[in-house]
>>> print(open('model_35.txt').read())   # compact mmCIF, C-alpha atoms
# COMPACT_ATOMS: atom_id res chain seq x y z
CA MET A 1 20.89 1.81 -5.64
CA SER A 2 22.01 -0.57 -2.91
CA ASP A 3 25.06 -2.57 -2.07
CA ILE A 4 25.22 -6.01 -0.46
CA GLY A 5 26.31 -4.72 2.95
CA ASN A 6 23.61 -2.03 3.12
CA PRO A 7 20.35 -3.12 1.47
CA THR A 8 17.92 -0.48 0.29
CA THR A 9 15.11 -0.12 2.82
CA ILE A 10 12.79 1.79 0.49
CA VAL A 11 11.45 0.16 -2.65
CA SER A 12 8.89 1.57 -5.05
CA ALA A 13 7.20 1.09 -8.39
CA GLU A 14 5.25 3.53 -10.52
CA ARG A 15 3.41 3.83 -13.80
CA GLU A 16 0.88 5.97 -15.59
CA VAL A 17 -2.71 4.81 -15.37
CA ALA A 18 -5.51 5.75 -17.78
CA ALA A 19 -7.93 6.75 -15.01
CA GLY A 20 -8.53 9.78 -12.82
CA ALA A 21 -6.85 10.09 -9.43
CA ALA A 22 -10.17 10.12 -7.54
CA ARG A 23 -11.22 6.79 -9.09
CA ILE A 24 -7.87 5.16 -8.31
CA PHE A 25 -7.83 6.55 -4.78
CA GLU A 26 -11.24 5.02 -4.01
CA LEU A 27 -9.80 1.58 -4.73
CA ILE A 28 -6.90 2.22 -2.34
CA ALA A 29 -8.67 4.09 0.49
CA ASP A 30 -11.46 1.50 0.79
CA PRO A 31 -9.82 -1.52 2.47
CA ALA A 32 -12.60 -3.83 1.25
CA GLN A 33 -11.30 -3.18 -2.30
CA GLN A 34 -7.63 -3.88 -1.55
CA PRO A 35 -7.70 -7.69 -2.02
CA ARG A 36 -8.90 -7.07 -5.59
CA TRP A 37 -5.62 -5.41 -6.54
CA ASP A 38 -3.11 -6.95 -4.13
CA GLY A 39 -0.35 -8.19 -6.42
CA ASN A 40 1.14 -10.42 -3.72
CA ASP A 41 -2.11 -12.26 -2.98
CA ASN A 42 -1.49 -11.57 0.71
CA LEU A 43 -4.80 -9.85 1.54
CA ALA A 44 -7.88 -12.02 2.08
CA HIS A 45 -10.58 -9.52 3.06
CA ALA A 46 -11.60 -6.43 5.02
CA GLN A 47 -14.99 -5.57 6.42
CA PRO A 48 -16.92 -2.97 4.40
CA GLY A 49 -17.37 0.52 5.84
CA GLN A 50 -13.73 1.21 6.75
CA ARG A 51 -13.08 3.82 4.02
CA VAL A 52 -10.12 5.91 5.19
CA ARG A 53 -10.67 9.67 5.48
CA ALA A 54 -7.88 11.10 7.68
CA VAL A 55 -4.57 10.62 9.46
CA GLY A 56 -5.25 8.63 12.61
CA ASP A 57 -7.89 6.37 11.04
CA VAL A 58 -7.34 2.65 11.58
CA PHE A 59 -8.58 -0.18 9.39
CA GLU A 60 -8.37 -3.93 9.85
CA MET A 61 -7.42 -6.43 7.17
CA THR A 62 -7.40 -10.22 7.31
CA LEU A 63 -4.43 -11.77 5.55
CA THR A 64 -4.65 -14.93 3.44
CA HIS A 65 -3.26 -17.05 6.28
CA GLY A 66 -5.98 -15.80 8.66
CA VAL A 67 -4.00 -13.25 10.68
CA VAL A 68 -5.62 -9.86 11.30
CA ARG A 69 -3.61 -6.67 10.86
CA GLN A 70 -4.51 -3.20 12.06
CA ASN A 71 -3.31 -0.42 9.79
CA GLN A 72 -2.85 3.07 11.22
CA ILE A 73 -3.06 5.90 8.70
CA VAL A 74 -0.04 8.20 9.09
CA GLU A 75 -0.27 10.21 5.84
CA PHE A 76 -3.44 11.28 4.06
CA GLU A 77 -4.38 13.71 1.34
CA GLU A 78 -7.64 12.86 -0.45
CA ALA A 79 -7.05 11.55 -3.99
CA ARG A 80 -3.30 12.25 -3.67
CA ARG A 81 -1.52 10.33 -0.89
CA ILE A 82 -2.17 7.65 1.72
CA ALA A 83 0.23 5.69 3.92
CA TRP A 84 -0.21 3.26 6.78
CA LEU A 85 1.74 1.36 9.41
CA PRO A 86 0.53 -2.24 9.89
CA SER A 87 0.62 -4.04 13.25
CA GLU A 88 -0.99 -6.82 15.21
CA PRO A 89 -4.26 -5.61 16.80
CA GLY A 90 -3.52 -3.48 19.85
CA ALA A 91 0.27 -3.59 19.33
CA GLN A 92 2.72 -0.85 18.40
CA PRO A 93 3.53 -0.90 14.67
CA PRO A 94 6.92 -2.58 14.09
CA GLY A 95 7.95 0.24 11.74
CA HIS A 96 7.28 -0.70 8.13
CA LEU A 97 5.16 1.63 6.02
CA TRP A 98 3.07 1.23 2.86
CA ARG A 99 2.47 4.40 0.80
CA TRP A 100 0.51 5.27 -2.34
CA GLU A 101 0.99 8.59 -4.15
CA LEU A 102 -1.15 9.79 -7.05
CA GLU A 103 -0.16 12.59 -9.39
CA PRO A 104 -2.85 13.77 -11.83
CA LEU A 105 -1.43 14.21 -15.34
CA GLY A 106 -4.60 15.49 -16.98
CA ASP A 107 -8.08 14.17 -17.60
CA ASN A 108 -8.10 10.46 -16.86
CA ARG A 109 -4.29 10.12 -16.61
CA THR A 110 -2.54 9.62 -13.28
CA ARG A 111 0.98 8.67 -12.24
CA VAL A 112 0.69 6.08 -9.47
CA ARG A 113 3.63 5.37 -7.16
CA HIS A 114 3.58 2.54 -4.59
CA THR A 115 6.30 2.48 -1.92
CA TYR A 116 7.30 0.05 0.80
CA ASP A 117 9.58 1.67 3.41
CA TRP A 118 11.09 -0.55 6.08
CA THR A 119 13.74 1.93 7.23
CA ASN A 120 12.30 1.95 10.77
CA LEU A 121 11.44 -1.76 10.97
CA ALA A 122 12.59 -3.02 14.36
CA ASP A 123 11.03 -6.52 14.36
CA GLU A 124 13.77 -9.04 13.51
CA LYS A 125 11.16 -11.64 12.47
CA ARG A 126 9.96 -9.36 9.67
CA LEU A 127 13.34 -8.40 8.22
CA VAL A 128 13.66 -11.43 5.92
CA ARG A 129 10.34 -10.69 4.26
CA ALA A 130 11.07 -6.95 4.14
CA ARG A 131 14.38 -7.58 2.37
CA ALA A 132 12.59 -9.87 -0.10
CA THR A 133 10.09 -7.17 -1.12
CA THR A 134 11.08 -5.99 -4.60
CA PRO A 135 9.94 -3.24 -6.94
CA GLN A 136 8.55 -6.00 -9.18
CA MET A 137 6.29 -7.19 -6.34
CA LEU A 138 5.01 -3.65 -5.85
CA ARG A 139 4.54 -3.26 -9.60
CA GLY A 140 2.23 -6.28 -9.51
CA SER A 141 -0.13 -4.37 -7.21
CA VAL A 142 0.16 -1.19 -9.29
CA ASP A 143 -0.65 -3.12 -12.48
CA ARG A 144 -3.67 -4.88 -10.94
CA LEU A 145 -4.90 -1.57 -9.52
CA ALA A 146 -4.50 0.04 -12.95
CA ALA A 147 -6.49 -2.75 -14.62
CA LEU A 148 -9.37 -2.27 -12.17
CA ALA A 149 -9.35 1.52 -12.41
CA GLU A 150 -9.18 1.50 -16.21
CA GLU A 151 -12.07 -0.96 -16.64
CA GLU A 152 -14.57 0.69 -14.29
>>> encode(input="model_35.txt", output="structure tokens")
Amino acid sequence: MSDIGNPTTIVSAEREVAAGAARIFELIADPAQQPRWDGNDNLAHAQPGQRVRAVGDVFEMTLTHGVVRQNQIVEFEEARRIAWLPSEPGAQPPGHLWRWELEPLGDNRTRVRHTYDWTNLADEKRLVRARATTPQMLRGSVDRLAALAEEE
């Protein structure tokens, strides 16, 4: 819950997906797959071979308007959790974090939670967009990810 004077800086969306956690995680942890499920149509492409495997890994993504972002992995548990801090190449991350959490619910059933946390965002230029990020926007990515995972 948030009030007008103190906006919520953490937004999330979740749903159950009819696919195993390992299958879903492969679509998230391989940056080359991310544009396929990006519900905001913000990601253009990533070079193959950047599959994330540990905290400290960095992958690069080109956004739809041609800007490159480096993404530093700050949380990682194979087939369970991954989170990254985006930044301009070679720059310190401004403080917003993207996280995916997978909770197996049985054979081929997984609860998927996608979170955007801008609690530590210090870049004034990014605050307008951060405030505009809604659970519905995140749900778009979760739904597209679910459709891919369930069909393959």
>>> closest_atom_pairs(input="model_35.txt", of="range 82-121 of chain A", to="range 16-33 of chain A", cutoff="10 Å", atoms="only C-alpha atoms", output="tab-separated table")
residue	atom	partner	partner_atom	distance
A:Ile82	CA	A:Ala29	CA	7.5
A:Ala83	CA	A:Ala29	CA	9.7
A:Trp100	CA	A:Ile28	CA	8.0
A:Glu101	CA	A:Phe25	CA	9.1
A:Leu102	CA	A:Ala21	CA	6.2
A:Glu103	CA	A:Ala21	CA	7.1
A:Pro104	CA	A:Ala21	CA	5.9
A:Leu105	CA	A:Glu16	CA	8.6
A:Gly106	CA	A:Gly20	CA	8.1
A:Asp107	CA	A:Gly20	CA	6.5
A:Asn108	CA	A:Gly20	CA	4.1
A:Arg109	CA	A:Ala18	CA	4.7
A:Thr110	CA	A:Val17	CA	5.2
A:Arg111	CA	A:Glu16	CA	4.3
A:Val112	CA	A:Glu16	CA	6.1
A:Arg113	CA	A:Glu16	CA	8.9
>>> atom_distance(input="model_35.txt", atom1="CA of Ala44 in chain A", atom2="CA of Ser141 in chain A")
14.3 Å
>>> closest_residue(input="model_35.txt", among="A:Pro93, A:Asn42, A:Glu77, A:Thr62", to="Ala122 in chain A", atoms="only C-alpha atoms")
A:Pro93
>>> closest_residue(input="model_35.txt", among="A:Leu127, A:Ala147, A:Asn40, A:Ala54", to="Ala79 in chain A", atoms="only C-alpha atoms")
A:Ala54
>>> axis_aligned_box(input="model_35.txt", around="range 15-19 of chain A", padding_each_side="5 Å", output="lines of an AutoDock Vina configuration file")
center_x = -2.3
center_y = 5.3
center_z = -15.8
size_x = 21.3
size_y = 12.9
size_z = 14.0
>>> atom_distance(input="model_35.txt", atom1="CA of Gln50 in chain A", atom2="CA of Glu152 in chain A")
21.1 Å
>>> residues_near_point(input="model_35.txt", point="(2.0, 2.7, 10.8)", cutoff="10 Å", atoms="only C-alpha atoms", output="PyMOL selection string")
chain A and resi 56+58+70-75+83-87+92-98
>>> atom_distance(input="model_35.txt", atom1="CA of Trp118 in chain A", atom2="CA of Thr134 in chain A")
12.0 Å
>>> residues_around(input="model_35.txt", residues="His114 in chain A", least_positions_apart="3", cutoff="6 Å", atoms="only C-alpha atoms", output="ChimeraX atom specification")
/A:12-13,99-100
>>> residues_around(input="model_35.txt", residues="Arg131 in chain A", least_positions_apart="4", cutoff="12 Å", atoms="all atoms listed in the file", output="PyMOL selection string")
chain A and resi 2+4+6-11+96+116-119+121+124-127+135+137
>>> closest_residue(input="model_35.txt", among="A:Gln34, A:Glu14, A:Arg53, A:Gly39", to="Arg144 in chain A", atoms="only C-alpha atoms")
A:Gly39
>>> closest_residue(input="model_35.txt", among="A:Val142, A:Glu78, A:Asp41, A:Pro48", to="His65 in chain A", atoms="all atoms listed in the file")
A:Asp41
>>> closest_residue(input="model_35.txt", among="A:Arg69, A:His45, A:Arg15, A:Arg51", to="Pro89 in chain A", atoms="all atoms listed in the file")
A:Arg69
>>> closest_residue(input="model_35.txt", among="A:Pro35, A:Gly90, A:Thr115, A:Val67", to="Thr133 in chain A", atoms="all atoms listed in the file")
A:Thr115
>>> decode(input="model_35.txt", residues="range 120-132 of chain A", atoms="all heavy atoms", output="CSV table (one decimal), in the first residue's frame")
chain,number,residue,atom,x,y,z
A,120,ASN,N,16.6,2.2,-3.6
A,120,ASN,CA,18.0,2.8,-3.5
A,120,ASN,C,18.3,3.6,-4.8
A,120,ASN,O,19.5,4.0,-5.0
A,120,ASN,CB,19.0,1.7,-3.3
A,120,ASN,CG,18.8,1.0,-2.0
A,120,ASN,OD1,18.6,1.7,-1.0
A,120,ASN,ND2,18.9,-0.3,-2.0
A,121,LEU,N,17.3,3.9,-5.6
A,121,LEU,CA,17.6,4.7,-6.9
A,121,LEU,C,18.0,6.1,-6.5
A,121,LEU,O,17.2,6.8,-5.8
A,121,LEU,CB,16.3,4.7,-7.8
A,121,LEU,CG,16.5,5.3,-9.1
A,121,LEU,CD1,17.6,4.6,-9.9
A,121,LEU,CD2,15.2,5.3,-9.9
A,122,ALA,N,19.2,6.5,-7.0
A,122,ALA,CA,19.7,7.8,-6.6
A,122,ALA,C,19.7,8.8,-7.8
A,122,ALA,O,20.0,9.9,-7.7
A,122,ALA,CB,21.1,7.7,-6.0
A,123,ASP,N,19.4,8.3,-9.0
A,123,ASP,CA,19.5,9.0,-10.3
A,123,ASP,C,18.1,9.8,-10.5
A,123,ASP,O,17.1,9.1,-10.9
A,123,ASP,CB,19.8,8.1,-11.4
A,123,ASP,CG,20.0,8.9,-12.7
A,123,ASP,OD1,19.6,10.0,-12.9
A,123,ASP,OD2,20.6,8.2,-13.7
A,124,GLU,N,18.1,11.1,-10.3
A,124,GLU,CA,16.9,11.9,-10.4
A,124,GLU,C,16.2,11.7,-11.8
A,124,GLU,O,15.0,11.7,-11.9
A,124,GLU,CB,17.2,13.3,-10.2
A,124,GLU,CG,17.6,13.7,-8.8
A,124,GLU,CD,16.4,13.7,-7.9
A,124,GLU,OE1,15.2,14.0,-8.3
A,124,GLU,OE2,16.6,13.3,-6.7
A,125,LYS,N,17.1,11.5,-12.9
A,125,LYS,CA,16.5,11.3,-14.2
A,125,LYS,C,15.7,10.1,-14.4
A,125,LYS,O,14.8,10.0,-15.2
A,125,LYS,CB,17.6,11.3,-15.3
A,125,LYS,CG,18.5,12.6,-15.3
A,125,LYS,CD,19.6,12.4,-16.3
A,125,LYS,CE,20.5,11.3,-15.9
A,125,LYS,NZ,21.7,11.2,-16.7
A,126,ARG,N,15.9,9.1,-13.5
A,126,ARG,CA,15.2,7.8,-13.6
A,126,ARG,C,14.0,7.7,-12.7
A,126,ARG,O,13.2,6.8,-12.9
A,126,ARG,CB,16.2,6.7,-13.3
A,126,ARG,CG,17.3,6.6,-14.3
A,126,ARG,CD,18.3,5.5,-13.9
A,126,ARG,NE,19.5,5.5,-14.6
A,126,ARG,CZ,19.7,5.1,-15.8
A,126,ARG,NH1,18.8,4.5,-16.4
A,126,ARG,NH2,20.9,5.2,-16.3
A,127,LEU,N,13.8,8.7,-11.9
A,127,LEU,CA,12.7,8.6,-10.9
A,127,LEU,C,11.3,8.6,-11.5
A,127,LEU,O,10.4,7.9,-11.1
A,127,LEU,CB,12.8,9.7,-9.8
A,127,LEU,CG,14.0,9.5,-8.8
A,127,LEU,CD1,14.0,10.7,-7.9
A,127,LEU,CD2,13.8,8.2,-8.0
A,128,VAL,N,11.1,9.4,-12.6
A,128,VAL,CA,9.8,9.5,-13.2
A,128,VAL,C,9.4,8.1,-13.8
A,128,VAL,O,8.3,7.6,-13.5
A,128,VAL,CB,9.8,10.6,-14.3
A,128,VAL,CG1,8.5,10.5,-15.1
A,128,VAL,CG2,10.0,12.0,-13.7
A,129,ARG,N,10.4,7.5,-14.5
A,129,ARG,CA,10.1,6.2,-15.0
A,129,ARG,C,9.9,5.1,-13.9
A,129,ARG,O,9.0,4.3,-14.0
A,129,ARG,CB,11.2,5.8,-16.0
A,129,ARG,CG,10.8,4.5,-16.7
A,129,ARG,CD,11.5,4.3,-17.9
A,129,ARG,NE,11.1,3.0,-18.5
A,129,ARG,CZ,11.3,2.7,-19.7
A,129,ARG,NH1,12.0,3.4,-20.5
A,129,ARG,NH2,10.9,1.5,-20.2
A,130,ALA,N,10.7,5.2,-12.9
A,130,ALA,CA,10.6,4.3,-11.8
A,130,ALA,C,9.2,4.4,-11.2
A,130,ALA,O,8.5,3.4,-10.9
A,130,ALA,CB,11.7,4.5,-10.7
A,131,ARG,N,8.7,5.6,-10.9
A,131,ARG,CA,7.4,5.8,-10.3
A,131,ARG,C,6.3,5.3,-11.2
A,131,ARG,O,5.2,4.9,-10.7
A,131,ARG,CB,7.2,7.3,-10.0
A,131,ARG,CG,8.0,7.8,-8.8
A,131,ARG,CD,7.7,9.2,-8.5
A,131,ARG,NE,8.5,9.7,-7.4
A,131,ARG,CZ,9.5,10.6,-7.6
A,131,ARG,NH1,9.7,11.2,-8.8
A,131,ARG,NH2,10.3,11.0,-6.6
A,132,ALA,N,6.5,5.3,-12.5
A,132,ALA,CA,5.5,4.9,-13.5
A,132,ALA,C,5.5,3.4,-13.7
A,132,ALA,O,4.5,2.9,-14.3
A,132,ALA,CB,5.8,5.6,-14.8
